[in-house]
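First up is the structure itself, then whatever we jot down about it.
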Amino acid sequence: MTAEDHDALARELLESDSEFRRLHEDHQECERRLEELNAKSLLSQEDEIEEKKLKIHKLALKDRMELLLRAHDPVRATA
């Protein structure tokens, strides 16, 4: 799947698949919170722990979204 096909399928799933949409929104929220933490000049110990947890959660969300994309890939479905 080309990058363009990947992006097109992601856009399609954002509109048609509630699980993909929920995962994407959660991923975006993690990204927003990480940006807030990165804007701080000095992170507290609690902030550092939160940052690590957010990064792990964000990666798990991305992995799940990729699984959904692969499952909906028409090339893989016909192969």
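Note on naming: chains are A, B, ... as they come in the structure tokens, residues start from 1 per chain, ligands start from 1 in the order shown.
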Can you pull out the residues contacting Lys55 in chain A? Cut-off 9 Å, using only C-alpha atoms, and skip same-chain residues under 5 positions away; I want them as JSON, numbers by chain. {"A": [30, 31, 34, 50, 60]}
Which neighbours of Thr2 in chain A fall inside 12 Å, counting only C-alpha atoms, when residues of the same chain fewer than 4 positions from it are skipped, and could you give them as a CSV table (one decimal) with C-alpha atoms, in the first residue's frame?
```csv
chain,number,residue,atom,x,y,z
A,6,HIS,CA,-2.7,4.5,3.4
A,7,ASP,CA,-3.8,8.1,4.0
A,8,ALA,CA,-6.9,7.7,1.9
A,9,LEU,CA,-7.9,4.6,3.7
A,73,ASP,CA,-6.6,-2.9,2.9
A,75,VAL,CA,-5.0,-5.5,-1.7
```
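For the residues A:Ala39, A:Ile56, A:Ile49, A:Leu68, ranking by smallest atom-to-atom distance to Ala10 in chain A using only C-alpha atoms places A:Leu68 first.
The list of residues with at least one atom within 9 Å of range 20-25 of chain A, based on only C-alpha atoms and without residues fewer than 3 positions apart in the same chain, reads Ala10, Leu13, Leu14, Glu15, Ser16, Asp17, Gln28, Glu29, Cys30, Leu61, Lys62, Arg64, Met65, Leu68 and Leu69 of chain A.
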Dump as a tab-separated table (two decimals), in the first residue's frame, selection limited to N, CA and C atoms:
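Okay, out-v4.tsv is ready:
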```tsv
chain	number	residue	atom	x	y	z
A	10	ALA	N	-7.13	5.72	5.72
A	10	ALA	CA	-7.28	6.27	7.08
A	10	ALA	C	-8.40	7.30	7.12
A	13	LEU	N	-11.70	5.46	6.96
A	13	LEU	CA	-12.03	4.81	8.23
A	13	LEU	C	-12.42	5.81	9.31
A	14	LEU	N	-11.85	7.00	9.26
A	14	LEU	CA	-12.24	8.04	10.23
A	14	LEU	C	-13.73	8.35	10.10
A	15	GLU	N	-14.24	8.27	8.89
A	15	GLU	CA	-15.65	8.56	8.66
A	15	GLU	C	-16.54	7.35	8.88
A	16	SER	N	-16.03	6.15	8.60
A	16	SER	CA	-16.92	4.99	8.58
A	16	SER	C	-16.75	4.01	9.74
A	17	ASP	N	-15.64	4.07	10.45
A	17	ASP	CA	-15.37	3.08	11.49
A	17	ASP	C	-15.25	3.76	12.85
A	28	GLN	N	-4.78	11.60	19.16
A	28	GLN	CA	-4.62	13.05	19.05
A	28	GLN	C	-4.57	13.71	20.44
A	29	GLU	N	-5.39	13.21	21.36
A	29	GLU	CA	-5.40	13.76	22.72
A	29	GLU	C	-4.06	13.48	23.42
A	30	CYS	N	-3.51	12.30	23.23
A	30	CYS	CA	-2.19	12.00	23.78
A	30	CYS	C	-1.14	12.94	23.20
A	61	LEU	N	-2.02	2.78	20.67
A	61	LEU	CA	-3.13	3.25	19.84
A	61	LEU	C	-2.75	3.21	18.36
A	62	LYS	N	-1.55	3.67	18.06
A	62	LYS	CA	-1.10	3.67	16.67
A	62	LYS	C	-1.01	2.24	16.13
A	64	ARG	N	-2.78	-0.33	17.07
A	64	ARG	CA	-4.15	-0.82	16.86
A	64	ARG	C	-4.75	-0.21	15.58
A	65	MET	N	-4.49	1.08	15.36
A	65	MET	CA	-5.00	1.72	14.13
A	65	MET	C	-4.37	1.08	12.90
A	68	LEU	N	-6.10	-2.15	12.11
A	68	LEU	CA	-7.38	-1.91	11.44
A	68	LEU	C	-7.17	-1.51	9.98
A	69	LEU	N	-6.16	-0.70	9.72
A	69	LEU	CA	-5.87	-0.30	8.34
A	69	LEU	C	-5.50	-1.53	7.50
```
Residues near His57 in chain A, cut-off 10 Å, only C-alpha atoms, skip fewer than 5 positions along chain, as a PyMOL selection string: chain A and resi 26-27+30+51-52+62-63
Please write the residues from the selection above to a file, keeping N, CA and C atoms, as a compact mmCIF listing (two decimals), in the first residue's frame.
```txt
# COMPACT_ATOMS: atom_id res chain seq x y z
N ASP A 26 -8.26 9.54 20.53
CA ASP A 26 -7.45 9.29 21.72
C ASP A 26 -5.97 9.55 21.42
N HIS A 27 -5.52 9.12 20.26
CA HIS A 27 -4.14 9.34 19.82
C HIS A 27 -3.85 10.84 19.74
N CYS A 30 -3.51 12.30 23.23
CA CYS A 30 -2.19 12.00 23.78
C CYS A 30 -1.14 12.94 23.20
N GLU A 51 4.48 11.48 31.00
CA GLU A 51 5.01 11.51 29.63
C GLU A 51 5.32 10.10 29.13
N LYS A 52 5.97 9.29 29.97
CA LYS A 52 6.30 7.92 29.57
C LYS A 52 5.04 7.10 29.34
N LYS A 62 -1.55 3.67 18.06
CA LYS A 62 -1.10 3.67 16.67
C LYS A 62 -1.01 2.24 16.13
N ASP A 63 -0.50 1.32 16.95
CA ASP A 63 -0.42 -0.08 16.53
C ASP A 63 -1.81 -0.63 16.22
```
